[in-house]
Amino acid sequence: MRSTTRLAVAACAYLALAIVPDGAAAQQQVRFTGYLEHQFATSRAGDGWTMIDYDRLRVDVNARAGRGTRASAAVVYQLYRGDTERDVRDFLPDDLAAVIGSTSVELEDLHLLNHAYVRLDPGPFEITAGKQYLTWGAGFAFNPTELFRPKNLLEPSYDREGIGALSAKVPLASLSDVMVALVPEGGFGESGKVLRARHHVAGFDLSALVAEVFESPVSGDLGTGAEELERRFAIGGDVSGELLGLGVWVEATWSNRADERWVETTVGGNYTLADGTLLMLEGYYNGRGGSGEPYPLELWLQRLSGDMRSLGKGMAYGVVNRPFGQLWTVGLSTLANVSDGSFVLIPTLSYAFAQNVDLVFNGAFYVGADGTEFGGDNHGGFLRGRVYF
Amino acid sequence: MNQRTRLGALGLLLFTASPLSAAAQLSPQDVLERIDANMTIQTSWSKAEMTITYRDGDVRRLEFDSWAQGTDQSFLEFTSPARDAGSRFLRREDAMWIFLPRVGKSVRIQGHMLRQGLMGSDFSYGDASENPSMAEDYEAVMEGEETLDGRLTYVLHLTAMRRDLAYPSIRIWVDAERWIPLKEERFARSGKLLKTALLSDVRQVGDRWYPFRVEMNNALQTDTRTSLQFLELEFDVTAPDDVFTLRYLESGF
């Protein structure tokens, strides 16, 4: 991010604080919350098993400095131990792994601000300056309209990370508003710009989005590609509501980046049975995806880097989740590449051990031939404990 | 939009004092209208504690603040425990959203999801959000009189006239003097008992009577029971202009 643009965002954050009325200080409320999480994970790599565990501390601070002004931040410290260095070839099909050299990637300890923003609501509009969540879209696993920081598809509901931005939201009605956001990246011309409007009508939530973002897609020249920013223009939107008793949603974007134009679409539905069992099915079409194996190396690397949400053109995500009593939840979800027939099964067991303690077991079992998206034998799982405070 | 509120914590019940010795001469539908008339207000603000008691004796407590306006607008924010603090809910007419603070996103709760337990309690999202007009949404049949906790009650069986309501039928025990339900049995379409609500700790607030405690027993999940206790409750207060908006849901101020 160019320093001048960063400075502009910081100045707005300062300005937002500076114009808080004097009397607001007396009304200030500060709340500290957070959690300590430990996770032990194992996965198959080559002929052996890797083991990685981490400790993650997150501390959230929320301050209301009188009505209309709020500051929010979260600090995350995450320390890894174990087999933190992995060879990219472990995640590639045998034929591609054979033609590239050893390229290791390392899980590095995290010390970061998950988000840190000031939000000011002078009345007719709301301004947010700083690292903030730019998350939206009706899809559960796949959100084509989200242009920053992709979800972890194996655990879509895990914490998200904010992105430095300056945004303003203007209400049009109680359930309608327009949001504009500037995401500094280089100078103004190279910064991301988003315009998003949403409305609630006839029982349905609708939104429309126009965006210009600058991305540096991974090339097939592993380790040698210069990270040049490419302009991406995207338009999209989503609709969600209820149809014939089912929860339904559609989300789509059309994108144009360099010489490439593509469409991404998500269609989903869910239903809850009388005993609380949740059933969900979501389909995803990725116009950039391949029609089946063999996928080129560039596609694999874009997928691993998060630039692509899927290798194949067609993906499906399904969930069955059933509570047992108020403390236990058993779930089974799957991600499937319908283009090449591979899939991963993800069983989940969660237990609310105490008022502020959660235990979660999550597995991942890959099924598919070598060369398919989920064809590797990187089976694995994790056991996670989280204590909130 | 109906600007009255049948307020209640999580769909609980509100009423005004209105002794009526001639109750027995009223039709069942008249009784419902009297309940509605006595239980409707403009706005309310409350702070409440929800206690979930498990069979093994484990007890978990949640606290929340809530606003309500009319029969179809409510806002609720959990303030404790740490696990749930900052989770917020907005209901507008028949639509409901939840804000997930660690994801930074509001999510629509579809009609069928209203059956799920609210924060692991025996109250469902539907219990929390649904606040139907008794007289307009239910057809009533008088089943008799009973004494409940020393008070004369009229027992009515209600059948929903809308398919989208969480409970197709309900049996209620109505205080014959104060015109508030003291007990509710909520049934599935099959006639199976789903939940029993007991309302107690009736206090006078201004010119109204109000049950400050509700205990909910879920017949399908017998390992827990959940009680809701109002800690503070104010009627006819001025709600912030934008509290019932998506922007407030996501901003929290």
# chains A, B, ... in the order shown; residues from 1 in each chain; ligands from 1

$ closest_atom_pairs --of "segment 29-112 of chain B" --to "segment 148-169 of chain B" --cutoff "12 Å" --atoms "only C-alpha atoms" --output "JSON lines"
{"residue": "B:Gln29", "atom": "CA", "partner": "B:Leu156", "partner_atom": "CA", "distance": 9.6}
{"residue": "B:Asp30", "atom": "CA", "partner": "B:Leu156", "partner_atom": "CA", "distance": 11.5}
{"residue": "B:Val31", "atom": "CA", "partner": "B:Tyr154", "partner_atom": "CA", "distance": 9.0}
{"residue": "B:Leu32", "atom": "CA", "partner": "B:Leu156", "partner_atom": "CA", "distance": 9.3}
{"residue": "B:Ile35", "atom": "CA", "partner": "B:Tyr154", "partner_atom": "CA", "distance": 11.9}
{"residue": "B:Asp94", "atom": "CA", "partner": "B:Asp164", "partner_atom": "CA", "distance": 9.1}
{"residue": "B:Ala95", "atom": "CA", "partner": "B:Asp164", "partner_atom": "CA", "distance": 11.7}
{"residue": "B:Gln110", "atom": "CA", "partner": "B:Asp164", "partner_atom": "CA", "distance": 11.5}
{"residue": "B:Gly111", "atom": "CA", "partner": "B:Asp164", "partner_atom": "CA", "distance": 7.9}
{"residue": "B:His112", "atom": "CA", "partner": "B:Ala166", "partner_atom": "CA", "distance": 8.9}

$ write_last_selection --atoms "N, CA and C atoms" --output "mmCIF file, in the first residue's frame"
data_model
loop_
_atom_site.group_PDB
_atom_site.id
_atom_site.type_symbol
_atom_site.label_atom_id
_atom_site.label_comp_id
_atom_site.auth_asym_id
_atom_site.auth_seq_id
_atom_site.Cartn_x
_atom_site.Cartn_y
_atom_site.Cartn_z
ATOM 1 N N GLN B 29 -62.810 -15.951 21.527
ATOM 2 C CA GLN B 29 -62.136 -14.941 20.705
ATOM 3 C C GLN B 29 -62.094 -13.603 21.432
ATOM 4 N N ASP B 30 -63.155 -13.327 22.220
ATOM 5 C CA ASP B 30 -63.140 -12.092 23.008
ATOM 6 C C ASP B 30 -61.998 -12.116 24.022
ATOM 7 N N VAL B 31 -61.744 -13.302 24.580
ATOM 8 C CA VAL B 31 -60.649 -13.426 25.549
ATOM 9 C C VAL B 31 -59.319 -13.088 24.875
ATOM 10 N N LEU B 32 -59.138 -13.608 23.652
ATOM 11 C CA LEU B 32 -57.891 -13.310 22.938
ATOM 12 C C LEU B 32 -57.766 -11.819 22.652
ATOM 13 N N ILE B 35 -56.699 -10.156 25.744
ATOM 14 C CA ILE B 35 -55.256 -10.344 25.990
ATOM 15 C C ILE B 35 -54.456 -9.415 25.096
ATOM 16 N N ASP B 94 -41.591 -10.446 8.923
ATOM 17 C CA ASP B 94 -41.327 -11.886 8.966
ATOM 18 C C ASP B 94 -39.885 -12.223 8.611
ATOM 19 N N ALA B 95 -39.008 -11.244 8.573
ATOM 20 C CA ALA B 95 -37.605 -11.507 8.243
ATOM 21 C C ALA B 95 -36.732 -11.302 9.482
ATOM 22 N N GLN B 110 -33.552 -17.909 7.771
ATOM 23 C CA GLN B 110 -34.738 -18.287 7.002
ATOM 24 C C GLN B 110 -35.817 -18.851 7.933
ATOM 25 N N GLY B 111 -37.017 -18.908 7.426
ATOM 26 C CA GLY B 111 -38.155 -19.328 8.236
ATOM 27 C C GLY B 111 -37.952 -20.659 8.920
ATOM 28 N N HIS B 112 -37.406 -21.650 8.188
ATOM 29 C CA HIS B 112 -37.254 -22.974 8.792
ATOM 30 C C HIS B 112 -36.177 -22.978 9.863
#

$ interface_residues --of "chain B" --to "chain A" --cutoff "6 Å" --atoms "only C-alpha atoms" --output "PyMOL selection string"
chain B and resi 60+82-83+102-104+110+112-113+116+120+221+245-246

$ residues_around --residues "Thr50 of chain A" --least-positions-apart "4" --cutoff "8 Å" --atoms "only C-alpha atoms" --output "MDAnalysis selection string"
chainID A and resid 42:45 82:83

$ select_by_dssp --residues "segment 19-166 of chain A" --states "strand (DSSP E)" --output "PyMOL selection string"
chain A and resi 29-45+48-64+69-82+85-87+104-106+110-120+126-132+163-166

$ atom_distance --atom1 "atom CA of Tyr77 of chain A" --atom2 "atom CA of Ser191 of chain A"
28.3 Å

$ residues_around --residues "Phe78 of chain B" --least-positions-apart "2" --cutoff "7 Å" --atoms "only C-alpha atoms" --output "list in words"
Glu63, Phe64, Asp65, Leu76, Ser80, Asp84, Ala85, Gly86, Ser87 and Arg88 of chain B

$ write_last_selection --atoms "C-alpha atoms" --output "PDB file, in the first residue's frame"
ATOM      1  CA  GLU B  63     -27.501 -11.760  29.260  1.00  0.00           C
ATOM      2  CA  PHE B  64     -28.937  -9.575  26.570  1.00  0.00           C
ATOM      3  CA  ASP B  65     -30.425  -6.165  25.937  1.00  0.00           C
ATOM      4  CA  LEU B  76     -31.510  -8.021  20.603  1.00  0.00           C
ATOM      5  CA  SER B  80     -22.511 -12.101  28.019  1.00  0.00           C
ATOM      6  CA  ASP B  84     -21.752 -14.863  22.619  1.00  0.00           C
ATOM      7  CA  ALA B  85     -21.109 -11.210  23.453  1.00  0.00           C
ATOM      8  CA  GLY B  86     -21.709  -9.001  20.463  1.00  0.00           C
ATOM      9  CA  SER B  87     -24.056 -11.382  18.668  1.00  0.00           C
ATOM     10  CA  ARG B  88     -27.045  -9.356  17.551  1.00  0.00           C
TER      11      ARG B  88
END

$ atom_distance --atom1 "atom CA of Gly341 of chain A" --atom2 "atom CA of Thr103 of chain A"
28.2 Å

$ residues_around --residues "Ser310 of chain A" --least-positions-apart "5" --cutoff "10 Å" --atoms "only C-alpha atoms" --output "VMD selection string"
chain A and resid 142 153 284 to 290 299 to 300 302 to 304 315 336 to 337 373

$ select_by_dssp --residues "segment 111-325 of chain A" --states "alpha helix (DSSP H)" --output "list in words"
Leu297, Glu298, Leu299, Trp300, Leu301, Gln302, Arg303, Leu304 and Ser305 of chain A

$ residues_around --residues "Phe91 of chain A" --least-positions-apart "5" --cutoff "12 Å" --atoms "only C-alpha atoms" --output "tab-separated table (two decimals) with C-alpha atoms, in the first residue's frame"
chain	number	residue	atom	x	y	z
A	43	SER	CA	-2.33	-34.67	7.76
A	44	ARG	CA	-0.82	-37.20	5.45
A	45	ALA	CA	2.11	-36.00	3.33
A	46	GLY	CA	3.97	-38.37	1.06
A	86	ARG	CA	5.80	-27.99	3.62
A	96	LEU	CA	3.35	-31.93	-12.04
A	97	ALA	CA	5.34	-32.52	-8.87
A	102	SER	CA	11.37	-28.58	-4.43
A	103	THR	CA	9.58	-25.44	-3.31
A	104	SER	CA	8.90	-25.12	0.36
A	105	VAL	CA	6.41	-22.87	2.04
A	297	LEU	CA	0.25	-26.04	-13.11
A	300	TRP	CA	-3.10	-25.48	-9.37
A	301	LEU	CA	-0.95	-22.65	-8.07
A	303	ARG	CA	-6.01	-22.53	-6.47
A	304	LEU	CA	-3.45	-23.08	-3.72
A	305	SER	CA	-2.83	-19.34	-3.39
A	370	ASP	CA	-4.41	-38.61	-8.85
A	371	GLY	CA	-4.62	-35.35	-10.73
A	372	THR	CA	-8.12	-34.52	-9.61
A	373	GLU	CA	-8.82	-31.60	-7.27
A	374	PHE	CA	-9.31	-33.71	-4.16
A	375	GLY	CA	-7.39	-36.71	-5.41
A	376	GLY	CA	-4.39	-36.36	-3.16
A	377	ASP	CA	-4.14	-38.55	-0.12
A	378	ASN	CA	-3.64	-35.62	2.23
A	379	HIS	CA	-6.18	-37.00	4.68

$ residues_around --residues "Asp201 of chain B" --least-positions-apart "2" --cutoff "9 Å" --atoms "only C-alpha atoms" --output "PyMOL selection string"
chain B and resi 199+203+210-214+229

$ atom_distance --atom1 "atom CA of Val180 of chain A" --atom2 "atom CA of Gly192 of chain A"
10.5 Å
